[in-house]
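J.: What follows is data_32.cif, made up of mmCIF, C-alpha atoms:
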data_query
loop_
_atom_site.group_PDB
_atom_site.id
_atom_site.type_symbol
_atom_site.label_atom_id
_atom_site.label_comp_id
_atom_site.auth_asym_id
_atom_site.auth_seq_id
_atom_site.Cartn_x
_atom_site.Cartn_y
_atom_site.Cartn_z
ATOM 1 C CA MET J 298 -4.209 0.273 10.222
ATOM 2 C CA ASP J 299 -7.713 -1.078 10.558
ATOM 3 C CA THR J 300 -7.577 -4.515 12.123
ATOM 4 C CA ASN J 301 -9.966 -7.246 13.118
ATOM 5 C CA ALA J 302 -9.735 -10.536 14.958
ATOM 6 C CA VAL J 303 -9.024 -13.595 12.839
ATOM 7 C CA ILE J 304 -11.213 -16.661 13.246
ATOM 8 C CA ILE J 305 -9.077 -19.694 14.039
ATOM 9 C CA MET J 306 -11.544 -21.894 15.895
ATOM 10 C CA SER J 307 -14.935 -21.051 17.300
ATOM 11 C CA GLN J 308 -17.682 -22.523 19.382
ATOM 12 C CA LEU J 309 -21.258 -21.360 19.617
ATOM 13 C CA VAL J 310 -22.417 -20.978 23.224
ATOM 14 C CA GLU J 311 -25.770 -20.061 24.704
ATOM 15 C CA ALA J 312 -27.126 -18.606 27.926
ATOM 16 C CA GLN J 313 -30.766 -19.512 28.313
ATOM 17 C CA VAL J 314 -33.492 -17.509 30.018
ATOM 18 C CA THR J 315 -35.018 -20.269 32.119
ATOM 19 C CA GLY J 316 -38.487 -19.733 33.556
ATOM 20 C CA THR J 317 -40.257 -16.417 33.576
ATOM 21 C CA PRO J 318 -37.794 -13.700 32.524
ATOM 22 C CA ALA J 319 -36.637 -11.600 35.481
ATOM 23 C CA THR J 320 -34.364 -8.582 35.697
ATOM 24 C CA GLY J 321 -31.099 -8.949 37.570
ATOM 25 C CA ARG J 322 -31.183 -12.718 37.689
ATOM 26 C CA ARG J 323 -28.066 -14.485 36.496
ATOM 27 C CA TYR J 324 -28.566 -16.822 33.559
ATOM 28 C CA PRO J 325 -25.372 -18.896 33.192
ATOM 29 C CA PHE J 326 -23.784 -20.010 29.965
ATOM 30 C CA LEU J 327 -24.568 -23.602 29.136
ATOM 31 C CA GLU J 328 -21.801 -26.140 29.522
ATOM 32 C CA ILE J 329 -19.821 -26.931 26.373
ATOM 33 C CA PRO J 330 -17.347 -29.752 27.040
ATOM 34 C CA ASN J 331 -15.234 -28.610 24.091
ATOM 35 C CA LEU J 332 -14.474 -25.345 25.900
ATOM 36 C CA SER J 333 -13.476 -27.005 29.164
ATOM 37 C CA ARG J 334 -10.103 -28.121 27.922
ATOM 38 C CA ASN J 335 -7.113 -26.800 29.832
ATOM 39 C CA ASN J 336 -5.163 -25.915 26.714
ATOM 40 C CA LEU J 337 -7.853 -23.682 25.254
ATOM 41 C CA VAL J 338 -7.319 -19.926 25.126
ATOM 42 C CA VAL J 339 -10.144 -17.545 24.300
ATOM 43 C CA TYR J 340 -9.204 -14.365 22.453
ATOM 44 C CA ALA J 341 -12.418 -12.917 21.012
ATOM 45 C CA ILE J 342 -16.172 -12.997 21.417
ATOM 46 C CA GLU J 343 -19.166 -12.061 19.332
ATOM 47 C CA ALA J 344 -22.855 -11.932 20.252
ATOM 48 C CA PHE J 345 -25.809 -12.442 17.938
ATOM 49 C CA GLY J 346 -29.026 -10.529 18.017
ATOM 50 C CA TYR J 347 -32.244 -11.248 16.253
ATOM 51 C CA GLY J 348 -31.229 -10.497 12.671
ATOM 52 C CA GLN J 349 -27.811 -12.156 12.762
ATOM 53 C CA LEU J 350 -29.017 -15.542 13.978
ATOM 54 C CA ASN J 351 -32.707 -16.173 14.486
ATOM 55 C CA VAL J 352 -32.471 -19.710 15.848
ATOM 56 C CA THR J 353 -29.502 -21.600 17.262
ATOM 57 C CA PRO J 354 -28.525 -25.094 16.076
ATOM 58 C CA ASN J 355 -30.164 -26.380 19.278
ATOM 59 C CA GLY J 356 -33.454 -24.958 18.050
ATOM 60 C CA ASN J 357 -33.575 -22.193 20.647
ATOM 61 C CA ALA J 358 -34.869 -18.786 19.599
ATOM 62 C CA ILE J 359 -32.550 -15.824 20.112
ATOM 63 C CA LEU J 360 -33.514 -13.118 22.613
ATOM 64 C CA GLY J 361 -36.381 -11.171 21.079
ATOM 65 C CA GLY J 362 -37.133 -13.937 18.592
ATOM 66 C CA ALA J 363 -40.737 -14.499 19.648
ATOM 67 C CA ALA J 364 -41.443 -10.772 19.517
ATOM 68 C CA THR J 365 -39.277 -10.347 16.376
ATOM 69 C CA SER J 366 -37.595 -7.512 18.197
ATOM 70 C CA ALA J 367 -33.966 -6.496 18.624
ATOM 71 C CA THR J 368 -34.799 -4.560 21.793
ATOM 72 C CA PRO J 369 -33.498 -7.268 24.187
ATOM 73 C CA THR J 370 -29.987 -6.778 22.818
ATOM 74 C CA GLN J 371 -30.098 -3.346 24.481
ATOM 75 C CA THR J 372 -31.446 -4.670 27.776
ATOM 76 C CA THR J 373 -29.021 -7.524 28.360
ATOM 77 C CA VAL J 374 -25.584 -7.386 29.931
ATOM 78 C CA VAL J 375 -22.831 -9.987 29.892
ATOM 79 C CA THR J 376 -20.269 -10.918 32.533
ATOM 80 C CA LEU J 377 -17.297 -13.150 31.727
ATOM 81 C CA LEU J 378 -15.118 -14.917 34.276
ATOM 82 C CA ASP J 379 -11.740 -16.484 33.723
ATOM 83 C CA ASN J 380 -10.522 -19.720 35.236
ATOM 84 C CA ARG J 381 -9.390 -17.808 38.346
ATOM 85 C CA LYS J 382 -12.926 -16.546 38.853
ATOM 86 C CA ASN J 383 -11.937 -12.987 37.936
ATOM 87 C CA GLN J 384 -14.783 -11.047 36.344
ATOM 88 C CA PHE J 385 -12.578 -9.674 33.609
ATOM 89 C CA VAL J 386 -15.596 -8.441 31.643
ATOM 90 C CA TYR J 387 -18.306 -7.143 33.954
ATOM 91 C CA GLN J 388 -21.775 -6.358 32.666
ATOM 92 C CA ILE J 389 -20.775 -5.312 29.172
ATOM 93 C CA PRO J 390 -23.859 -4.503 27.085
ATOM 94 C CA TYR J 391 -24.855 -7.391 24.832
ATOM 95 C CA PHE J 392 -25.452 -4.818 22.105
ATOM 96 C CA SER J 393 -21.755 -3.890 22.167
ATOM 97 C CA LEU J 394 -20.700 -7.458 21.418
ATOM 98 C CA ILE J 395 -22.691 -7.634 18.184
ATOM 99 C CA ARG J 396 -20.445 -7.311 15.180
ATOM 100 C CA THR J 397 -22.711 -5.225 13.028
ATOM 101 C CA ASN J 398 -22.962 -2.628 15.834
ATOM 102 C CA ASN J 399 -19.169 -2.294 15.896
ATOM 103 C CA GLY J 400 -18.433 -1.501 12.298
ATOM 104 C CA GLY J 401 -17.913 -5.198 11.616
ATOM 105 C CA ASP J 402 -15.316 -5.774 14.330
ATOM 106 C CA LEU J 403 -15.191 -8.760 16.629
ATOM 107 C CA ILE J 404 -14.485 -7.956 20.285
ATOM 108 C CA TYR J 405 -10.883 -8.858 20.982
ATOM 109 C CA LEU J 406 -10.040 -10.000 24.511
ATOM 110 C CA GLN J 407 -6.728 -10.370 26.233
ATOM 111 C CA PRO J 408 -6.167 -14.095 25.503
ATOM 112 C CA ARG J 409 -7.011 -16.213 28.540
ATOM 113 C CA GLN J 410 -8.723 -19.336 29.727
ATOM 114 C CA ILE J 411 -12.307 -18.835 30.771
ATOM 115 C CA ASN J 412 -14.643 -20.726 33.035
ATOM 116 C CA LEU J 413 -17.661 -20.940 30.806
ATOM 117 C CA THR J 414 -20.315 -22.027 33.279
ATOM 118 C CA ASP J 415 -19.371 -19.165 35.617
ATOM 119 C CA CYS J 416 -20.102 -16.632 32.868
ATOM 120 C CA PHE J 417 -23.616 -15.270 32.788
ATOM 121 C CA ILE J 418 -26.021 -12.760 31.336
ATOM 122 C CA GLN J 419 -28.495 -10.521 33.137
ATOM 123 C CA LEU J 420 -31.547 -8.700 31.886
ATOM 124 C CA THR J 421 -32.074 -5.050 32.720
ATOM 125 C CA SER J 422 -35.584 -5.226 31.288
ATOM 126 C CA THR J 423 -37.764 -8.161 30.331
ATOM 127 C CA THR J 424 -39.534 -6.355 27.501
ATOM 128 C CA ASN J 425 -39.842 -8.633 24.453
ATOM 129 C CA VAL J 426 -37.971 -11.454 26.178
ATOM 130 C CA ALA J 427 -39.721 -14.817 26.342
ATOM 131 C CA ALA J 428 -38.938 -17.846 28.477
ATOM 132 C CA SER J 429 -36.408 -20.303 26.997
ATOM 133 C CA GLU J 430 -34.936 -17.754 24.593
ATOM 134 C CA VAL J 431 -31.166 -17.661 24.541
ATOM 135 C CA ALA J 432 -28.349 -15.198 24.272
ATOM 136 C CA ALA J 433 -26.002 -16.691 21.688
ATOM 137 C CA PHE J 434 -22.296 -16.047 21.359
ATOM 138 C CA ASN J 435 -19.425 -17.204 19.269
ATOM 139 C CA ILE J 436 -16.336 -17.794 21.391
ATOM 140 C CA TYR J 437 -13.120 -17.608 19.364
ATOM 141 C CA TYR J 438 -10.197 -19.598 20.679
ATOM 142 C CA TYR J 439 -6.984 -21.391 19.905
ATOM 143 C CA LEU J 440 -5.294 -24.415 21.401
ATOM 144 C CA THR J 441 -1.869 -24.233 23.006
ATOM 145 C CA MET V 177 13.163 5.013 31.154
ATOM 146 C CA ARG V 178 10.684 3.824 28.622
ATOM 147 C CA THR V 179 7.000 3.708 29.398
ATOM 148 C CA ILE V 180 5.123 0.821 27.887
ATOM 149 C CA ASN V 181 1.481 1.374 27.109
ATOM 150 C CA PRO V 182 -0.220 -1.894 28.129
ATOM 151 C CA ILE V 183 -2.967 -1.493 25.537
ATOM 152 C CA GLN V 184 -0.477 -0.895 22.736
ATOM 153 C CA SER V 185 1.532 -3.845 23.978
ATOM 154 C CA THR V 186 -1.534 -6.096 23.868
ATOM 155 C CA PHE V 187 -2.348 -4.861 20.385
ATOM 156 C CA ASN V 188 1.161 -5.430 19.084
ATOM 157 C CA LYS V 189 1.294 -8.922 20.580
ATOM 158 C CA ALA V 190 -2.029 -9.780 18.959
ATOM 159 C CA LEU V 191 -0.793 -8.552 15.593
ATOM 160 C CA ALA V 192 2.467 -10.450 15.912
ATOM 161 C CA SER V 193 0.699 -13.658 16.895
ATOM 162 C CA GLY V 194 -1.749 -13.405 14.009
ATOM 163 C CA LEU V 195 -4.865 -13.056 16.159
ATOM 164 C CA LEU V 196 -5.498 -9.637 14.610
ATOM 165 C CA ARG V 197 -5.030 -8.774 10.958
ATOM 166 C CA ASP V 198 -5.535 -5.839 8.632
ATOM 167 C CA THR V 199 -9.154 -5.769 7.496
ATOM 168 C CA ARG V 200 -8.592 -3.968 4.233
ATOM 169 C CA ALA V 201 -9.720 -5.869 1.161
ATOM 170 C CA PRO V 202 -7.849 -9.173 0.990
ATOM 171 C CA TYR V 203 -5.638 -8.229 -1.918
ATOM 172 C CA GLY V 204 -2.919 -10.718 -2.649
ATOM 173 C CA PHE V 205 -4.950 -13.787 -1.816
ATOM 174 C CA ASP V 206 -6.296 -16.156 -4.419
ATOM 175 C CA SER V 207 -10.065 -16.363 -4.427
ATOM 176 C CA ILE V 208 -12.649 -18.742 -5.701
ATOM 177 C CA SER V 209 -16.421 -18.594 -5.878
ATOM 178 C CA VAL V 210 -18.317 -21.571 -4.510
ATOM 179 C CA TYR V 211 -21.930 -22.228 -5.455
ATOM 180 C CA VAL V 212 -24.377 -24.407 -3.580
ATOM 181 C CA PRO V 213 -27.687 -24.445 -5.471
ATOM 182 C CA PHE V 214 -30.412 -26.044 -3.378
ATOM 183 C CA SER V 215 -32.069 -27.473 -6.492
ATOM 184 C CA VAL V 216 -29.349 -30.131 -6.478
ATOM 185 C CA PHE V 217 -30.587 -31.317 -3.088
ATOM 186 C CA GLY V 218 -34.322 -30.921 -3.613
ATOM 187 C CA VAL V 219 -36.628 -29.053 -1.264
ATOM 188 C CA PRO V 220 -34.616 -27.540 1.632
ATOM 189 C CA VAL V 221 -35.218 -29.154 5.004
ATOM 190 C CA VAL V 222 -34.143 -28.321 8.552
ATOM 191 C CA GLY V 223 -30.923 -30.160 9.300
ATOM 192 C CA GLY V 224 -30.304 -30.741 5.605
ATOM 193 C CA GLN V 225 -26.531 -30.208 5.823
ATOM 194 C CA TYR V 226 -25.681 -28.770 2.426
ATOM 195 C CA TYR V 227 -22.103 -29.868 1.844
ATOM 196 C CA MET V 228 -19.568 -27.862 -0.115
ATOM 197 C CA PRO V 229 -18.588 -29.152 -3.552
ATOM 198 C CA ALA V 230 -15.199 -30.842 -3.390
ATOM 199 C CA ASN V 231 -12.262 -28.582 -4.115
ATOM 200 C CA PRO V 232 -8.806 -29.863 -3.108
ATOM 201 C CA LEU V 233 -7.370 -26.341 -3.247
ATOM 202 C CA LEU V 234 -9.519 -25.416 -0.257
ATOM 203 C CA ASN V 235 -8.495 -28.352 1.904
ATOM 204 C CA GLY V 236 -6.226 -27.461 4.791
ATOM 205 C CA ASN V 237 -3.353 -29.565 3.470
ATOM 206 C CA ARG V 238 -3.371 -27.616 0.177
ATOM 207 C CA GLY V 239 -4.514 -24.136 1.138
ATOM 208 C CA THR V 240 -5.171 -21.850 4.083
ATOM 209 C CA ILE V 241 -8.501 -20.027 4.074
ATOM 210 C CA LYS V 242 -7.832 -16.406 4.953
ATOM 211 C CA ALA V 243 -11.246 -14.813 4.449
ATOM 212 C CA MET V 244 -14.723 -15.689 3.293
ATOM 213 C CA GLU V 245 -17.873 -13.821 2.367
ATOM 214 C CA ILE V 246 -21.358 -14.764 1.306
ATOM 215 C CA MET V 247 -23.415 -12.907 -1.253
ATOM 216 C CA ASP V 248 -26.837 -11.898 -0.084
ATOM 217 C CA SER V 249 -29.514 -10.837 -2.538
ATOM 218 C CA ALA V 250 -28.545 -7.180 -2.119
ATOM 219 C CA THR V 251 -24.924 -7.923 -3.026
ATOM 220 C CA ALA V 252 -25.215 -10.189 -6.049
ATOM 221 C CA THR V 253 -27.920 -12.410 -7.443
ATOM 222 C CA PRO V 254 -28.473 -14.804 -9.134
ATOM 223 C CA THR V 255 -25.424 -17.041 -9.127
ATOM 224 C CA PRO V 256 -23.781 -17.536 -12.532
ATOM 225 C CA SER V 257 -25.375 -20.196 -14.686
ATOM 226 C CA ASN V 258 -22.035 -21.738 -15.532
ATOM 227 C CA PRO V 259 -21.266 -23.750 -13.518
ATOM 228 C CA GLY V 260 -24.976 -24.107 -13.085
ATOM 229 C CA PRO V 261 -27.670 -24.259 -12.276
ATOM 230 C CA ALA V 262 -28.214 -20.587 -11.479
ATOM 231 C CA ALA V 263 -29.836 -19.899 -8.118
ATOM 232 C CA ASP V 264 -31.271 -16.862 -6.384
ATOM 233 C CA CYS V 265 -29.180 -15.619 -3.475
ATOM 234 C CA LEU V 266 -30.886 -15.288 -0.103
ATOM 235 C CA THR V 267 -31.772 -12.156 1.821
ATOM 236 C CA THR V 268 -29.916 -11.426 5.048
ATOM 237 C CA ASP V 269 -33.128 -12.148 6.974
ATOM 238 C CA ILE V 270 -33.190 -15.694 5.639
ATOM 239 C CA LEU V 271 -29.436 -16.134 6.019
ATOM 240 C CA ALA V 272 -29.976 -15.428 9.735
ATOM 241 C CA ASP V 273 -31.605 -18.860 9.925
ATOM 242 C CA GLY V 274 -28.449 -20.636 8.811
ATOM 243 C CA MET V 275 -24.939 -21.524 9.875
ATOM 244 C CA PHE V 276 -21.704 -22.443 8.116
ATOM 245 C CA TYR V 277 -19.675 -25.215 9.737
ATOM 246 C CA PHE V 278 -15.953 -25.590 9.148
ATOM 247 C CA THR V 279 -15.065 -29.223 9.783
ATOM 248 C CA ASP V 280 -11.922 -31.278 9.487
ATOM 249 C CA ILE V 281 -11.361 -34.602 7.774
ATOM 250 C CA ASP V 282 -12.810 -36.420 10.801
ATOM 251 C CA ARG V 283 -15.900 -34.167 10.629
ATOM 252 C CA GLU V 284 -15.003 -32.501 13.915
ATOM 253 C CA ILE V 285 -16.378 -28.970 13.864
ATOM 254 C CA ILE V 286 -13.629 -26.370 13.853
ATOM 255 C CA ALA V 287 -15.752 -23.228 13.708
ATOM 256 C CA TYR V 288 -19.387 -22.147 13.644
ATOM 257 C CA VAL V 289 -20.149 -19.102 11.512
ATOM 258 C CA PRO V 290 -23.694 -17.699 11.230
ATOM 259 C CA LEU V 291 -24.332 -16.999 7.559
ATOM 260 C CA ALA V 292 -25.642 -13.469 8.093
ATOM 261 C CA THR V 293 -22.339 -12.415 9.652
ATOM 262 C CA LEU V 294 -20.516 -13.429 6.468
ATOM 263 C CA VAL V 295 -22.304 -10.758 4.445
ATOM 264 C CA ARG V 296 -19.720 -8.083 3.960
ATOM 265 C CA ARG V 297 -22.079 -5.141 3.726
ATOM 266 C CA ASN V 298 -23.466 -6.060 7.174
ATOM 267 C CA ASN V 299 -19.943 -5.679 8.562
ATOM 268 C CA ASN V 300 -19.327 -2.156 7.349
ATOM 269 C CA GLY V 301 -17.580 -3.586 4.307
ATOM 270 C CA LYS V 302 -15.123 -5.624 6.355
ATOM 271 C CA ILE V 303 -14.635 -9.159 5.216
ATOM 272 C CA PRO V 304 -14.662 -11.845 7.920
ATOM 273 C CA LEU V 305 -11.092 -13.018 8.433
ATOM 274 C CA PHE V 306 -10.011 -16.591 9.024
ATOM 275 C CA GLN V 307 -6.891 -18.628 9.560
ATOM 276 C CA MET V 308 -8.231 -22.058 8.627
ATOM 277 C CA THR V 309 -5.573 -24.714 8.271
ATOM 278 C CA ARG V 310 -7.320 -27.944 9.269
ATOM 279 C CA GLN V 311 -10.503 -27.834 7.219
ATOM 280 C CA HIS V 312 -11.569 -30.500 4.754
ATOM 281 C CA TRP V 313 -13.643 -28.482 2.320
ATOM 282 C CA GLU V 314 -16.044 -31.168 1.161
ATOM 283 C CA ASN V 315 -16.850 -31.935 4.829
ATOM 284 C CA CYS V 316 -17.782 -28.301 5.474
ATOM 285 C CA TYR V 317 -21.479 -27.611 5.256
ATOM 286 C CA ILE V 318 -24.345 -25.200 5.685
ATOM 287 C CA ASP V 319 -27.361 -25.936 7.806
ATOM 288 C CA PHE V 320 -30.633 -24.070 8.269
ATOM 289 C CA PHE V 321 -32.707 -24.081 11.449
ATOM 290 C CA ARG V 322 -35.851 -22.748 9.766
ATOM 291 C CA VAL V 323 -36.661 -23.337 6.132
ATOM 292 C CA SER V 324 -40.078 -21.726 5.771
ATOM 293 C CA SER V 325 -38.645 -19.003 3.528
ATOM 294 C CA LEU V 326 -36.361 -21.232 1.484
ATOM 295 C CA ALA V 327 -37.103 -22.559 -1.980
ATOM 296 C CA ALA V 328 -35.338 -25.005 -4.237
ATOM 297 C CA SER V 329 -34.641 -22.085 -6.581
ATOM 298 C CA ASN V 330 -32.409 -20.500 -3.932
ATOM 299 C CA GLY V 331 -28.739 -21.157 -3.407
ATOM 300 C CA ILE V 332 -25.607 -20.035 -1.656
ATOM 301 C CA TRP V 333 -22.792 -18.079 -3.260
ATOM 302 C CA LEU V 334 -19.565 -17.961 -1.276
ATOM 303 C CA ASN V 335 -16.363 -16.204 -2.131
ATOM 304 C CA VAL V 336 -13.375 -17.839 -0.456
ATOM 305 C CA TYR V 337 -9.964 -16.174 -0.211
ATOM 306 C CA TYR V 338 -7.048 -18.513 0.354
ATOM 307 C CA THR V 339 -3.317 -18.934 0.060
ATOM 308 C CA PRO V 340 -2.003 -22.126 -1.515
ATOM 309 C CA ASN V 341 0.392 -24.093 0.674
ATOM 310 C CA ILE V 342 3.509 -24.415 -1.440
#
Could you render the structure from this file as structure tokens?
T.:
Amino acid sequence: MDTNAVIIMSQLVEAQVTGTPATGRRYPFLEIPNLSRNNLVVYAIEAFGYGQLNVTPNGNAILGGAATSATPTQTTVVTLLDNRKNQFVYQIPYFSLIRTNNGGDLIYLQPRQINLTDCFIQLTSTTNVAASEVAAFNIYYYLT
Amino acid sequence: MRTINPIQSTFNKALASGLLRDTRAPYGFDSISVYVPFSVFGVPVVGGQYYMPANPLLNGNRGTIKAMEIMDSATATPTPSNPGPAADCLTTDILADGMFYFTDIDREIIAYVPLATLVRRNNNGKIPLFQMTRQHWENCYIDFFRVSSLAASNGIWLNVYYTPNI
């Protein structure tokens, strides 16, 4: 059986490259009060490259937007922490979280509460990345 | 003694809880096409919030949305002229400037869905799956964050798969 995650509720989140882009530096996810509720369980995640979402609702360009390049999706890694500070996803390639690179599948996670502002991205190369661009994700969750 | 594969266990739990579902074509669901021609609203603008035409069948108290897709210009174009007016569907590149918002009756956003990810052919043929039970269809809307490539002759064509709540 070919399965995929079902969208119940979702929230768009961003991690912004502040200042001059630098490799290895941690760029945290921006705070979303909606995702700070104690009864909220995250079960899937999806990332967007240039081509899936060019600009976020906040008006921020996606990584590679200024250069109209998808290269930064291959030079960015993502680390997710749960509410116990466990790095349950450590430096997964951003590219791997993009739906169209996975045969259309969302990335299913073991359902858990996350600590959003502890999660971060890192660049392994700054090629085609401009200051203030963002990595954008859809976090899929349900309420208990 | 029985060995339990933790990955299989996780998978089975996700299936049982409805977080995962079979991605094969959504046979067995009712479907309806929804058209949003921009000509009705005039020249597209950033933050224009193009609301869905009212359809009680697609409200959460009457139906559960199980899947949804959007037609890009490589899938089907233009939209039918009845109900009109006909409109040219957008390319995936332009759809990447927009977002679909599921909202409830109080206009609280339930889910954000980038339009380009709703194009089935971009997802290896898999249709995006939903389990929407709280939405108020006429409060749901599309918004664009760049409109330089949009024209009033364009429009959105959605296909919504749902199950009526009996």
J.: Can you build me a table of stretch 397-434 of chain J residues sitting at most 6 Å from stretch 371-380 of chain J, with the closest atom pair per residue and its distance in Å to one decimal, using all atoms listed in the file, sorted by chain and residue number, as a Markdown table?
T.:
| residue | atom | partner | partner_atom | distance |
| --- | --- | --- | --- | --- |
| J:Gln410 | CA | J:Asp379 | CA | 5.8 |
| J:Ile411 | CA | J:Asp379 | CA | 3.8 |
| J:Asn412 | CA | J:Asn380 | CA | 4.8 |
| J:Cys416 | CA | J:Leu377 | CA | 4.6 |
| J:Phe417 | CA | J:Thr376 | CA | 5.5 |
| J:Ile418 | CA | J:Val375 | CA | 4.5 |
| J:Gln419 | CA | J:Val374 | CA | 5.3 |
| J:Leu420 | CA | J:Thr373 | CA | 4.5 |
| J:Thr421 | CA | J:Thr372 | CA | 5.0 |
| J:Ser422 | CA | J:Thr372 | CA | 5.5 |
J.: Applying the PyMOL selection byres ((chain V) within 6 of (chain J)) to the file I just gave you, which residues come out? Please list them as a PyMOL selection string.
T.: chain V and resi 195-199+272-273+286-288+292+298-300+302+305-308
J.: To one decimal in Å, tell me the separation between atom CA of J:Gln388 and atom CA of J:Arg323.
T.: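 Separation of atom CA of J:Gln388 and atom CA of J:Arg323: 11.0 Å.
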J.: Record the distance separating atom CA of V:Arg283 and atom CA of J:Ile342, expressed in Å with one decimal.
T.: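 Separating atom CA of V:Arg283 from atom CA of J:Ile342 is a distance of 23.8 Å.
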J.: Calculated over all atoms listed in the file, which of the candidates V:Thr186, V:Ser193, V:Asn341, V:Asn335 has the smallest distance to V:Ala243?
T.: V:Asn335
J.: What's around stretch 244-259 of chain V at 7 Å? Count all atoms listed in the file, leave out sequence neighbours fewer than 4 positions away in its own chain, and write the answer as a list in words.
T.: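 Contacts, with the query itself left out: Ala263, Asp264, Cys265, Leu266, Thr267, Thr268, Leu294, Val295, Arg296, Ile303, Pro304, Leu305, Trp333, Leu334, Asn335, Val336 and Tyr337 of chain V.
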